[in-house]
>>> print(open('start_25.csv').read())   # CSV, C-alpha atoms (C1' of nucleotides)
chain,number,residue,atom,x,y,z
A,29,MET,CA,124.9,123.7,60.5
A,30,ASN,CA,126.8,120.8,59.2
A,31,SER,CA,128.8,122.1,56.3
A,32,ARG,CA,131.8,120.6,54.7
A,33,GLU,CA,134.0,122.9,56.7
A,34,GLN,CA,132.3,122.1,59.9
A,35,THR,CA,133.3,118.4,59.4
A,36,ILE,CA,136.8,119.3,58.5
A,37,PHE,CA,137.1,121.3,61.7
A,38,ARG,CA,135.6,118.6,63.9
A,39,LYS,CA,137.9,116.0,62.4
A,40,TYR,CA,140.9,118.3,62.8
A,41,LEU,CA,140.2,118.7,66.5
A,42,GLU,CA,139.6,115.0,66.9
A,43,ARG,CA,142.8,114.1,65.3
A,44,ARG,CA,144.8,116.1,67.8
A,45,GLY,CA,142.7,115.2,70.8
A,46,LEU,CA,141.3,118.7,71.1
A,47,LYS,CA,137.8,119.5,72.2
A,48,LEU,CA,135.0,121.1,70.3
A,49,THR,CA,134.0,123.6,73.0
A,50,SER,CA,131.1,126.0,72.8
A,51,GLU,CA,133.5,128.9,72.3
A,52,ARG,CA,135.2,127.3,69.3
A,53,GLN,CA,131.9,126.4,67.8
A,54,ALA,CA,130.6,130.0,68.3
A,55,LEU,CA,133.6,131.5,66.6
A,56,PHE,CA,133.4,129.0,63.8
A,57,ASP,CA,129.7,129.9,63.3
A,58,GLU,CA,130.4,133.6,63.3
A,59,LEU,CA,133.1,133.3,60.8
A,60,PHE,CA,131.1,131.1,58.5
A,61,ALA,CA,127.8,133.0,58.9
A,62,ARG,CA,128.8,135.6,56.3
A,63,HIS,CA,131.5,135.8,53.7
A,64,GLU,CA,133.5,138.7,55.0
A,65,HIS,CA,137.0,139.5,56.1
A,66,MET,CA,136.9,140.1,59.8
A,67,GLU,CA,139.4,141.2,62.4
A,68,ALA,CA,139.9,139.4,65.7
A,69,ASP,CA,138.4,142.3,67.7
A,70,GLU,CA,135.4,142.5,65.4
A,71,LEU,CA,134.7,138.9,66.1
A,72,LEU,CA,135.0,139.5,69.8
A,73,VAL,CA,132.5,142.3,69.7
A,74,ARG,CA,130.1,140.4,67.5
A,75,LEU,CA,130.1,137.4,69.8
A,76,ARG,CA,129.8,139.5,72.9
A,77,THR,CA,126.8,141.4,71.6
A,78,LYS,CA,125.3,138.0,70.9
A,79,HIS,CA,125.3,137.3,74.7
A,80,LYS,CA,128.2,134.9,74.1
A,81,LYS,CA,130.9,135.6,76.6
A,82,ILE,CA,134.3,134.8,75.2
A,83,SER,CA,137.8,136.2,75.9
A,84,ARG,CA,140.2,137.8,73.6
A,85,ALA,CA,142.8,135.2,74.2
A,86,THR,CA,140.3,132.5,73.2
A,87,ILE,CA,139.5,134.3,70.0
A,88,TYR,CA,143.1,134.3,69.0
A,89,ARG,CA,143.7,130.8,70.1
A,90,THR,CA,140.8,129.5,68.2
A,91,LEU,CA,141.6,131.5,65.1
A,92,ASP,CA,145.0,129.8,65.1
A,93,LEU,CA,143.3,126.4,65.1
A,94,LEU,CA,140.9,127.4,62.3
A,95,VAL,CA,143.8,128.7,60.2
A,96,ASP,CA,145.9,125.7,60.9
A,97,SER,CA,143.0,123.4,59.9
A,98,GLY,CA,143.0,125.1,56.5
A,99,ILE,CA,139.4,126.3,56.5
A,100,VAL,CA,140.2,129.9,57.4
A,101,GLY,CA,142.7,132.3,55.9
A,102,ARG,CA,144.7,134.9,57.7
A,103,VAL,CA,145.3,137.9,55.5
A,104,ARG,CA,147.0,141.3,56.0
A,105,ILE,CA,144.6,143.7,54.4
A,106,GLY,CA,145.4,147.0,56.0
A,107,ASP,CA,148.7,147.7,57.5
A,108,THR,CA,147.8,146.8,61.0
A,109,GLY,CA,146.6,143.4,62.2
A,110,TYR,CA,145.2,140.5,60.3
A,111,ARG,CA,141.8,139.8,58.8
A,112,TYR,CA,140.3,136.4,58.7
A,113,GLU,CA,138.2,134.9,56.0
A,114,ARG,CA,136.5,131.7,55.4
A,115,LEU,CA,138.1,129.6,52.7
A,116,ARG,CA,136.0,127.4,50.5
A,117,ALA,CA,137.7,124.0,50.3
A,118,GLY,CA,139.7,123.7,47.1
A,119,GLU,CA,139.1,127.3,46.1
A,120,HIS,CA,141.8,129.9,46.2
A,121,HIS,CA,141.8,133.6,45.5
A,122,ASP,CA,143.9,136.7,45.8
A,123,HIS,CA,142.9,140.3,46.6
A,124,LEU,CA,142.4,143.7,45.1
A,125,ILE,CA,142.3,146.3,47.9
A,126,CYS,CA,140.9,149.8,47.5
A,127,ASN,CA,142.9,152.4,49.3
A,128,GLU,CA,140.0,154.8,49.3
A,129,CYS,CA,137.0,152.8,50.6
A,130,GLY,CA,138.7,149.7,51.9
A,131,ARG,CA,136.7,147.4,49.7
A,132,VAL,CA,138.3,144.0,49.2
A,133,ILE,CA,137.7,142.3,45.8
A,134,GLU,CA,138.7,138.7,45.3
A,135,PHE,CA,140.2,137.5,42.1
A,136,PHE,CA,141.5,134.3,40.7
A,137,GLU,CA,143.7,134.1,37.6
A,138,PRO,CA,144.9,130.6,36.7
A,139,ALA,CA,147.5,131.9,34.3
A,140,ILE,CA,149.2,133.8,37.2
A,141,GLU,CA,149.1,130.7,39.3
A,142,ASN,CA,150.8,128.7,36.6
A,143,LEU,CA,153.5,131.4,36.1
A,144,GLN,CA,154.1,131.3,39.9
A,145,ASP,CA,154.9,127.6,39.6
A,146,GLU,CA,157.2,128.4,36.8
A,147,VAL,CA,159.1,131.0,38.8
A,148,CYS,CA,159.4,128.5,41.7
A,149,GLU,CA,160.9,125.9,39.4
A,150,ARG,CA,163.4,128.4,38.1
A,151,TYR,CA,164.7,128.9,41.7
A,152,GLY,CA,164.2,125.3,42.9
A,153,PHE,CA,161.7,126.7,45.4
A,154,LEU,CA,158.9,124.7,46.9
A,155,ALA,CA,156.0,127.0,47.4
A,156,LEU,CA,153.6,126.3,50.3
A,157,SER,CA,151.5,129.4,50.2
A,158,HIS,CA,151.5,132.8,48.6
A,159,SER,CA,149.9,136.1,49.1
A,160,HIS,CA,149.2,138.4,46.2
A,161,GLN,CA,147.6,141.8,46.7
A,162,LEU,CA,147.1,144.7,44.4
A,163,ARG,CA,146.3,148.0,46.1
A,164,GLY,CA,144.8,150.9,44.3
A,165,ILE,CA,141.5,152.5,43.6
A,166,CYS,CA,138.3,150.5,42.8
A,167,ARG,CA,135.9,151.2,40.0
A,168,GLN,CA,133.5,153.0,42.4
A,169,CYS,CA,136.1,155.3,43.8
A,170,ARG,CA,137.9,156.2,40.7
A,171,PRO,CA,135.7,159.2,39.7
A,172,ARG,CA,136.0,160.7,43.1
A,173,ALA,CA,139.7,160.1,43.4
A,174,ALA,CA,140.3,161.7,40.0
A,175,ARG,CA,138.3,164.8,41.0
A,176,GLU,CA,140.3,165.2,44.2
A,177,HIS,CA,143.5,164.6,42.5
A,178,ALA,CA,142.7,167.4,40.0
A,179,LYS,CA,142.6,169.8,43.0
A,180,SER,CA,146.0,168.8,44.2
A,181,VAL,CA,149.4,169.8,42.9
A,182,GLU,CA,149.9,169.5,39.2
A,183,GLY,CA,152.8,167.2,38.2
A,184,GLU,CA,152.5,165.2,41.4
A,185,PRO,CA,151.4,161.7,40.1
A,186,LEU,CA,149.0,159.7,42.0
A,187,ARG,CA,151.5,157.5,43.8
A,188,ALA,CA,151.4,154.4,45.8
A,189,ARG,CA,152.1,154.8,49.5
A,190,GLY,CA,153.5,151.9,51.6
A,191,GLY,CA,150.7,152.3,54.0
A,192,PRO,CA,148.5,154.9,55.7
A,193,ARG,CA,151.4,156.7,57.3
A,194,ARG,CA,150.5,160.3,57.2
A,195,LEU,CA,153.0,162.7,55.8
A,196,ARG,CA,152.5,166.4,55.6
A,197,PRO,CA,150.9,167.2,52.2
A,198,VAL,CA,153.2,168.7,49.6
A,199,PRO,CA,153.0,172.5,49.8
A,200,SER,CA,152.3,174.3,46.5
A,201,PRO,CA,155.7,175.5,45.1
A,202,ARG,CA,155.9,179.3,45.4
B,9,MET,CA,178.3,158.9,47.7
B,10,ASN,CA,176.3,160.7,45.0
B,11,SER,CA,174.1,158.0,43.5
B,12,ARG,CA,171.0,158.5,41.5
B,13,GLU,CA,168.9,157.7,44.6
B,14,GLN,CA,170.9,160.2,46.6
B,15,THR,CA,169.8,162.9,44.2
B,16,ILE,CA,166.2,161.8,44.2
B,17,PHE,CA,166.2,161.9,48.0
B,18,ARG,CA,167.8,165.4,48.2
B,19,LYS,CA,165.3,166.8,45.7
B,20,TYR,CA,162.5,165.2,47.4
B,21,LEU,CA,163.4,166.9,50.7
B,22,GLU,CA,164.0,170.2,48.9
B,23,ARG,CA,160.7,170.1,47.2
B,24,ARG,CA,158.9,170.0,50.5
B,25,GLY,CA,161.1,172.3,52.4
B,26,LEU,CA,162.6,169.6,54.5
B,27,LYS,CA,166.2,169.5,55.7
B,28,LEU,CA,168.9,167.0,54.9
B,29,THR,CA,170.1,166.4,58.4
B,30,SER,CA,173.0,164.2,59.4
B,31,GLU,CA,170.6,161.6,60.8
B,32,ARG,CA,168.7,161.4,57.5
B,33,GLN,CA,171.9,161.1,55.6
B,34,ALA,CA,173.3,158.4,57.9
B,35,LEU,CA,170.2,156.3,57.6
B,36,PHE,CA,170.2,156.7,53.8
B,37,ASP,CA,173.8,155.6,53.7
B,38,GLU,CA,173.2,152.6,55.9
B,39,LEU,CA,170.3,151.4,53.8
B,40,PHE,CA,172.1,151.9,50.5
B,41,ALA,CA,175.5,150.5,51.6
B,42,ARG,CA,174.3,147.0,51.1
B,43,HIS,CA,171.5,145.3,49.3
B,44,GLU,CA,169.6,143.8,52.2
B,45,HIS,CA,166.2,143.8,53.7
B,46,MET,CA,166.5,145.4,57.1
B,47,GLU,CA,164.3,146.0,60.0
B,48,ALA,CA,164.0,149.4,61.7
B,49,ASP,CA,165.7,148.2,64.9
B,50,GLU,CA,168.4,146.6,62.9
B,51,LEU,CA,169.2,149.9,61.4
B,52,LEU,CA,169.1,151.5,64.8
B,53,VAL,CA,171.7,149.1,66.1
B,54,ARG,CA,173.9,149.4,63.1
B,55,LEU,CA,174.0,153.2,63.3
B,56,ARG,CA,174.5,153.2,67.0
B,57,THR,CA,177.5,150.8,66.8
B,58,LYS,CA,178.9,153.2,64.2
B,59,HIS,CA,179.1,155.9,66.9
B,60,LYS,CA,176.2,157.7,65.3
B,61,LYS,CA,173.6,158.5,67.9
B,62,ILE,CA,170.1,158.4,66.5
B,63,SER,CA,166.7,157.8,68.2
B,64,ARG,CA,164.2,155.1,67.3
B,65,ALA,CA,161.6,157.8,66.5
B,66,THR,CA,163.9,159.4,64.0
B,67,ILE,CA,164.6,156.0,62.3
B,68,TYR,CA,160.9,155.5,61.8
B,69,ARG,CA,160.3,159.1,60.7
B,70,THR,CA,163.1,159.0,58.2
B,71,LEU,CA,162.1,155.6,56.9
B,72,ASP,CA,158.7,157.1,56.1
B,73,LEU,CA,160.4,159.8,54.1
B,74,LEU,CA,162.5,157.4,52.2
B,75,VAL,CA,159.5,155.2,51.4
B,76,ASP,CA,157.5,158.1,50.4
B,77,SER,CA,160.2,159.4,48.1
B,78,GLY,CA,160.0,156.1,46.3
B,79,ILE,CA,163.6,155.0,46.7
B,80,VAL,CA,163.0,152.6,49.6
B,81,GLY,CA,160.4,149.8,49.8
B,82,ARG,CA,158.6,148.7,52.9
B,83,VAL,CA,157.8,145.0,52.8
B,84,ARG,CA,156.3,142.6,55.2
B,85,ILE,CA,158.6,139.6,55.2
B,86,GLY,CA,158.0,137.8,58.4
B,87,ASP,CA,154.7,138.1,60.3
B,88,THR,CA,155.8,140.9,62.6
B,89,GLY,CA,157.1,144.3,61.6
B,90,TYR,CA,158.3,145.6,58.3
B,91,ARG,CA,161.6,145.2,56.4
B,92,TYR,CA,163.0,148.0,54.3
B,93,GLU,CA,164.9,147.5,51.1
B,94,ARG,CA,166.6,149.8,48.6
B,95,LEU,CA,164.7,150.1,45.4
B,96,ARG,CA,166.7,150.6,42.2
B,97,ALA,CA,164.9,153.3,40.2
B,98,GLY,CA,162.7,151.8,37.6
B,99,GLU,CA,163.2,148.2,38.7
B,100,HIS,CA,160.7,146.2,40.5
B,101,HIS,CA,160.7,142.7,42.0
B,102,ASP,CA,158.6,140.4,44.1
B,103,HIS,CA,159.7,137.9,46.8
B,104,LEU,CA,160.2,134.2,47.5
B,105,ILE,CA,160.5,133.7,51.2
B,106,CYS,CA,162.0,130.6,52.8
B,107,ASN,CA,160.1,129.4,55.9
B,108,GLU,CA,163.1,127.4,57.0
B,109,CYS,CA,166.0,129.8,56.8
B,110,GLY,CA,164.4,133.1,56.2
B,111,ARG,CA,166.2,133.7,53.0
B,112,VAL,CA,164.6,136.2,50.7
B,113,ILE,CA,164.9,135.7,47.0
B,114,GLU,CA,163.8,138.4,44.6
B,115,PHE,CA,162.1,137.6,41.3
B,116,PHE,CA,160.6,139.4,38.5
B,117,GLU,CA,158.2,137.8,36.0
B,118,PRO,CA,157.0,140.3,33.3
B,119,ALA,CA,154.2,137.9,32.3
B,120,ILE,CA,152.8,138.0,35.8
B,121,GLU,CA,152.9,141.8,35.7
B,122,ASN,CA,151.0,141.8,32.5
B,123,LEU,CA,148.4,139.5,33.8
B,124,GLN,CA,147.9,141.7,36.8
B,125,ASP,CA,147.1,144.6,34.5
B,126,GLU,CA,144.6,142.4,32.8
B,127,VAL,CA,142.9,141.5,36.1
B,128,CYS,CA,142.7,145.1,37.0
B,129,GLU,CA,141.1,146.0,33.7
B,130,ARG,CA,138.6,143.2,34.3
B,131,TYR,CA,137.5,144.9,37.6
B,132,GLY,CA,137.9,148.5,36.5
B,133,PHE,CA,140.6,148.7,39.2
B,134,LEU,CA,143.5,151.2,39.1
B,135,ALA,CA,146.5,149.5,40.7
B,136,LEU,CA,149.0,151.7,42.5
B,137,SER,CA,151.1,149.1,44.0
B,138,HIS,CA,151.2,145.4,44.7
B,139,SER,CA,152.8,142.8,46.9
B,140,HIS,CA,153.3,139.3,45.7
B,141,GLN,CA,155.1,136.8,47.9
B,142,LEU,CA,155.5,133.1,47.7
B,143,ARG,CA,156.4,131.3,50.9
B,144,GLY,CA,157.9,127.9,51.1
B,145,ILE,CA,161.2,126.1,51.1
B,146,CYS,CA,164.2,127.2,49.2
B,147,ARG,CA,166.5,125.0,47.2
B,148,GLN,CA,169.1,124.9,50.0
B,149,CYS,CA,166.6,123.9,52.6
B,150,ARG,CA,164.6,121.3,50.7
B,151,PRO,CA,166.8,118.3,51.4
B,152,ARG,CA,166.8,119.0,55.1
B,153,ALA,CA,163.1,119.7,55.2
B,154,ALA,CA,162.4,116.5,53.4
B,155,ARG,CA,164.4,114.5,55.9
B,156,GLU,CA,162.7,116.1,58.8
B,157,HIS,CA,159.3,115.5,57.3
B,158,ALA,CA,160.0,111.9,56.9
B,159,LYS,CA,160.3,111.6,60.6
B,160,SER,CA,156.9,113.1,61.2
B,161,VAL,CA,153.5,111.6,60.9
B,162,GLU,CA,152.8,109.8,57.6
B,163,GLY,CA,149.8,111.1,55.7
B,164,GLU,CA,150.3,114.6,57.1
B,165,PRO,CA,151.2,116.7,54.1
B,166,LEU,CA,153.7,119.4,54.3
B,167,ARG,CA,151.2,122.3,54.7
B,168,ALA,CA,151.4,126.0,54.6
B,169,ARG,CA,151.1,127.8,57.9
B,170,GLY,CA,149.7,131.3,58.1
B,171,GLY,CA,152.6,132.3,60.2
B,172,PRO,CA,155.0,131.2,62.9
B,173,ARG,CA,152.2,130.7,65.4
B,174,ARG,CA,153.2,127.6,67.2
B,175,LEU,CA,150.7,124.9,67.7
B,176,ARG,CA,151.2,121.7,69.5
B,177,PRO,CA,152.7,119.1,67.1
B,178,VAL,CA,150.3,116.4,65.9
B,179,PRO,CA,150.7,113.4,68.2
B,180,SER,CA,151.2,110.1,66.5
B,181,PRO,CA,147.9,108.2,66.3
B,182,ARG,CA,147.9,105.3,68.6
C,19,DA,C1',124.5,109.4,84.4
C,20,DC,C1',129.0,109.9,87.0
C,21,DT,C1',134.1,110.3,87.4
C,22,DG,C1',138.6,111.7,86.4
C,23,DC,C1',141.6,114.4,84.2
C,24,DA,C1',143.7,116.5,80.3
C,25,DA,C1',142.3,120.3,77.6
C,26,DT,C1',140.4,124.9,77.8
C,27,DT,C1',139.0,129.2,79.5
C,28,DG,C1',139.1,134.2,81.3
C,29,DA,C1',141.4,137.8,83.4
C,30,DG,C1',144.8,140.6,83.3
C,31,DA,C1',149.8,141.4,83.1
C,32,DC,C1',153.0,141.6,79.6
C,33,DT,C1',155.6,142.3,75.0
C,34,DC,C1',156.9,144.4,71.0
C,35,DA,C1',156.6,147.5,67.0
C,36,DG,C1',155.5,151.7,66.1
C,37,DT,C1',153.7,156.6,67.4
C,38,DC,C1',153.3,161.0,69.8
C,39,DG,C1',154.2,165.4,72.4
C,40,DC,C1',157.2,168.5,73.8
C,41,DA,C1',161.4,171.1,75.0
C,42,DA,C1',166.0,171.6,73.3
C,43,DA,C1',168.9,171.5,69.1
C,44,DT,C1',170.1,172.5,64.4
C,45,DG,C1',170.2,173.5,59.2
C,46,DA,C1',169.8,176.9,55.9
C,47,DA,C1',167.9,181.4,54.0
C,48,DG,C1',168.9,185.8,54.4
D,24,DC,C1',175.6,185.7,62.3
D,25,DT,C1',170.8,185.7,63.1
D,26,DT,C1',166.5,183.9,62.9
D,27,DC,C1',163.2,180.5,63.0
D,28,DA,C1',160.9,176.6,61.1
D,29,DT,C1',162.2,172.0,61.0
D,30,DT,C1',164.1,168.2,63.5
D,31,DT,C1',165.7,165.6,67.2
D,32,DG,C1',165.7,162.6,71.5
D,33,DC,C1',163.4,161.3,75.2
D,34,DG,C1',160.1,158.8,77.4
D,35,DA,C1',155.3,158.0,77.8
D,36,DC,C1',151.9,155.9,75.1
D,37,DT,C1',149.1,152.7,72.0
D,38,DG,C1',147.2,148.5,70.1
D,39,DA,C1',147.6,143.9,68.5
D,40,DG,C1',148.7,139.8,70.0
D,41,DT,C1',150.7,136.5,73.8
D,42,DC,C1',151.4,134.4,78.2
D,43,DT,C1',150.4,132.6,82.9
D,44,DC,C1',147.8,130.4,86.0
D,45,DA,C1',143.9,129.2,88.7
D,46,DA,C1',139.3,127.7,87.8
D,47,DT,C1',136.3,125.3,84.5
D,48,DT,C1',134.7,122.0,81.2
D,49,DG,C1',134.4,118.4,77.4
D,50,DC,C1',134.6,113.7,76.9
D,51,DA,C1',136.4,108.7,77.3
D,52,DG,C1',135.7,105.1,80.2
D,53,DT,C1',132.6,103.0,83.5
>>> encode(input="start_25.csv", output="structure tokens")
Amino acid sequence: MNSREQTIFRKYLERRGLKLTSERQALFDELFARHEHMEADELLVRLRTKHKKISRATIYRTLDLLVDSGIVGRVRIGDTGYRYERLRAGEHHDHLICNECGRVIEFFEPAIENLQDEVCERYGFLALSHSHQLRGICRQCRPRAAREHAKSVEGEPLRARGGPRRLRPVPSPR
Amino acid sequence: MNSREQTIFRKYLERRGLKLTSERQALFDELFARHEHMEADELLVRLRTKHKKISRATIYRTLDLLVDSGIVGRVRIGDTGYRYERLRAGEHHDHLICNECGRVIEFFEPAIENLQDEVCERYGFLALSHSHQLRGICRQCRPRAAREHAKSVEGEPLRARGGPRRLRPVPSPR
DNA sequence: ACTGCAATTGAGACTCAGTCGCAAATGAAG
DNA sequence: CTTCATTTGCGACTGAGTCTCAATTGCAGT
């Protein structure tokens, strides 16, 4: 493989006098083989099952390099840990995350990006990065979610929850 | 204190047959006493120094209730742990976060909110909550950041970093 | 190809935020 | 004032991520 990103990564390492080891290459390949959002441990397992021995520490260290080189993004999708995703050079996107099925949908809305710049100007703020995520229910899950909601307490609106912290369900009022 | 939020919280507890204990009240008061973004441990310390004995577990449990009742927001500001902030009923805001000084600036841009709705419609997505954060350098820190940047390697653009993971600084090319 | 050595790795101990289980304590309905 | 479900504190636990250090390995120079 000799993608644009591969070159960027090689040059990035070179520039800082770092080595392109077989572990780094393997992790790079795994991450760029498919377009998914993966967790560190997931990558560890994938590589291990591919007979490639690699330690957890190395996964994290290499992930830092990939993120720092700009070709991989580190995102918080759930409420625990990070997910890593390949970034296509020059492209940018934000995320729609389904609370039901976990699906992650990427979106890009130039008008929002412009408004962000405007907000920054308003506050004299120099933006270096941003994260913008909408959580809710995706098209596929909406019918099911609506059915289940119907069974629950009337008057209790479908509400956002900070995370998957589990609280006792609301008892029916007697 | 008998604020709007106090009432919401009391009713919320009532509705689920939960008790308004002195610990819960104390945590509520602490959180609503000032408009700041606080970490769980910070709240623990504050309450402890105020002669109020309370355990870490209770802090977390109560925070869950406050968040679930909708009067407190749980936000990821740094890259580790959550921060909690009072939410004024009916108001909403997003965050500008300074990488240099840690300052958190709240902003609200209706046009962005509208565009979000538009994006959701496009994907048939039902949004329940969102988080939108811009990271960068605030007005106060910009002069200093610029000075320091001048001392570093030329041609190395001021770049966003996923988090505060520390990587060796780029050595000057010889 | 061989050497030298700084960069890198793996293993496992460690940290830190947050969670859990349980016996003792307590708020509130009667 | 009683009763008892809810709540609390304690301390053990979990899981993601980090650190240390001895052993290994790329790679620049020969």
>>> closest_residue(input="start_25.csv", among="C:DG39, C:DG22, C:DG28, C:DG45", to="chain B", atoms="all atoms listed in the file")
C:DG45
>>> closest_residue(input="start_25.csv", among="D:DT26, D:DT31, D:DT41, D:DT48", to="Ile67 of chain B", atoms="all atoms listed in the file")
D:DT31
>>> atom_distance(input="start_25.csv", atom1="atom CA of His103 of chain B", atom2="atom CA of Gln141 of chain B")
4.9 Å
>>> interface_residues(input="start_25.csv", of="chain B", to="chain C", cutoff="12 Å", atoms="only C-alpha atoms (C1' of nucleotides)", output="short mmCIF file (atom, residue, chain, number, x, y, z; two decimals) with C-alpha atoms, in the coordinates of the input")
data_model
loop_
_atom_site.label_atom_id
_atom_site.label_comp_id
_atom_site.auth_asym_id
_atom_site.auth_seq_id
_atom_site.Cartn_x
_atom_site.Cartn_y
_atom_site.Cartn_z
CA GLU B 22 164.00 170.20 48.90
CA GLY B 25 161.10 172.30 52.40
CA LEU B 26 162.60 169.60 54.50
CA LYS B 27 166.20 169.50 55.70
CA LEU B 28 168.90 167.00 54.90
CA THR B 29 170.10 166.40 58.40
CA SER B 30 173.00 164.20 59.40
CA GLU B 31 170.60 161.60 60.80
CA GLU B 47 164.30 146.00 60.00
CA ALA B 48 164.00 149.40 61.70
CA ASP B 49 165.70 148.20 64.90
CA ARG B 64 164.20 155.10 67.30
CA ALA B 65 161.60 157.80 66.50
CA THR B 66 163.90 159.40 64.00
CA ILE B 67 164.60 156.00 62.30
CA TYR B 68 160.90 155.50 61.80
CA ARG B 69 160.30 159.10 60.70
CA LEU B 71 162.10 155.60 56.90
CA ASP B 72 158.70 157.10 56.10
CA ASP B 87 154.70 138.10 60.30
CA THR B 88 155.80 140.90 62.60
CA GLY B 89 157.10 144.30 61.60
CA TYR B 90 158.30 145.60 58.30
CA ARG B 91 161.60 145.20 56.40
#
>>> residues_near_point(input="start_25.csv", point="(134.1, 139.3, 63.4)", cutoff="12 Å", atoms="all atoms listed in the file", output="PDB file with C-alpha atoms, in the coordinates of the input")
ATOM      1  CA  ALA A  54     130.600 130.000  68.300  1.00  0.00           C
ATOM      2  CA  LEU A  55     133.600 131.500  66.600  1.00  0.00           C
ATOM      3  CA  PHE A  56     133.400 129.000  63.800  1.00  0.00           C
ATOM      4  CA  ASP A  57     129.700 129.900  63.300  1.00  0.00           C
ATOM      5  CA  GLU A  58     130.400 133.600  63.300  1.00  0.00           C
ATOM      6  CA  LEU A  59     133.100 133.300  60.800  1.00  0.00           C
ATOM      7  CA  PHE A  60     131.100 131.100  58.500  1.00  0.00           C
ATOM      8  CA  ALA A  61     127.800 133.000  58.900  1.00  0.00           C
ATOM      9  CA  ARG A  62     128.800 135.600  56.300  1.00  0.00           C
ATOM     10  CA  HIS A  63     131.500 135.800  53.700  1.00  0.00           C
ATOM     11  CA  GLU A  64     133.500 138.700  55.000  1.00  0.00           C
ATOM     12  CA  HIS A  65     137.000 139.500  56.100  1.00  0.00           C
ATOM     13  CA  MET A  66     136.900 140.100  59.800  1.00  0.00           C
ATOM     14  CA  GLU A  67     139.400 141.200  62.400  1.00  0.00           C
ATOM     15  CA  ALA A  68     139.900 139.400  65.700  1.00  0.00           C
ATOM     16  CA  ASP A  69     138.400 142.300  67.700  1.00  0.00           C
ATOM     17  CA  GLU A  70     135.400 142.500  65.400  1.00  0.00           C
ATOM     18  CA  LEU A  71     134.700 138.900  66.100  1.00  0.00           C
ATOM     19  CA  LEU A  72     135.000 139.500  69.800  1.00  0.00           C
ATOM     20  CA  VAL A  73     132.500 142.300  69.700  1.00  0.00           C
ATOM     21  CA  ARG A  74     130.100 140.400  67.500  1.00  0.00           C
ATOM     22  CA  LEU A  75     130.100 137.400  69.800  1.00  0.00           C
ATOM     23  CA  ARG A  76     129.800 139.500  72.900  1.00  0.00           C
ATOM     24  CA  THR A  77     126.800 141.400  71.600  1.00  0.00           C
ATOM     25  CA  LYS A  78     125.300 138.000  70.900  1.00  0.00           C
ATOM     26  CA  ARG A  84     140.200 137.800  73.600  1.00  0.00           C
ATOM     27  CA  ILE A  87     139.500 134.300  70.000  1.00  0.00           C
ATOM     28  CA  TYR A  88     143.100 134.300  69.000  1.00  0.00           C
ATOM     29  CA  LEU A  91     141.600 131.500  65.100  1.00  0.00           C
ATOM     30  CA  TYR A 110     145.200 140.500  60.300  1.00  0.00           C
ATOM     31  CA  ARG A 111     141.800 139.800  58.800  1.00  0.00           C
ATOM     32  CA  TYR A 112     140.300 136.400  58.700  1.00  0.00           C
ATOM     33  CA  GLU A 113     138.200 134.900  56.000  1.00  0.00           C
ATOM     34  CA  ARG A 114     136.500 131.700  55.400  1.00  0.00           C
TER      35      ARG A 114
END
>>> interface_residues(input="start_25.csv", of="chain D", to="chain B", cutoff="12 Å", atoms="only C-alpha atoms (C1' of nucleotides)", output="MDAnalysis selection string")
chainID D and resid 28:34 39:41
>>> atom_distance(input="start_25.csv", atom1="atom CA of Asp122 of chain A", atom2="atom CA of Cys166 of chain A")
15.2 Å
>>> interface_residues(input="start_25.csv", of="chain B", to="chain A", cutoff="6 Å", atoms="all atoms listed in the file", output="PDB file with C-alpha atoms, keeping the file's coordinate frame")
ATOM      1  CA  ARG B  24     158.900 170.000  50.500  1.00  0.00           C
ATOM      2  CA  ILE B 120     152.800 138.000  35.800  1.00  0.00           C
ATOM      3  CA  GLY B 132     137.900 148.500  36.500  1.00  0.00           C
ATOM      4  CA  PHE B 133     140.600 148.700  39.200  1.00  0.00           C
ATOM      5  CA  LEU B 134     143.500 151.200  39.100  1.00  0.00           C
ATOM      6  CA  ALA B 135     146.500 149.500  40.700  1.00  0.00           C
ATOM      7  CA  LEU B 136     149.000 151.700  42.500  1.00  0.00           C
ATOM      8  CA  SER B 137     151.100 149.100  44.000  1.00  0.00           C
ATOM      9  CA  HIS B 138     151.200 145.400  44.700  1.00  0.00           C
ATOM     10  CA  SER B 139     152.800 142.800  46.900  1.00  0.00           C
ATOM     11  CA  HIS B 140     153.300 139.300  45.700  1.00  0.00           C
ATOM     12  CA  GLN B 141     155.100 136.800  47.900  1.00  0.00           C
ATOM     13  CA  LEU B 142     155.500 133.100  47.700  1.00  0.00           C
ATOM     14  CA  ARG B 143     156.400 131.300  50.900  1.00  0.00           C
ATOM     15  CA  GLY B 144     157.900 127.900  51.100  1.00  0.00           C
ATOM     16  CA  ILE B 145     161.200 126.100  51.100  1.00  0.00           C
ATOM     17  CA  CYS B 146     164.200 127.200  49.200  1.00  0.00           C
ATOM     18  CA  ARG B 147     166.500 125.000  47.200  1.00  0.00           C
ATOM     19  CA  ALA B 168     151.400 126.000  54.600  1.00  0.00           C
ATOM     20  CA  VAL B 178     150.300 116.400  65.900  1.00  0.00           C
TER      21      VAL B 178
END
>>> atom_distance(input="start_25.csv", atom1="atom CA of Leu41 of chain A", atom2="atom CA of Arg116 of chain A")
18.7 Å
>>> closest_residue(input="start_25.csv", among="A:Ile36, A:Ala117, A:Ile105, A:Ile99", to="Val132 of chain A", atoms="only C-alpha atoms")
A:Ile105
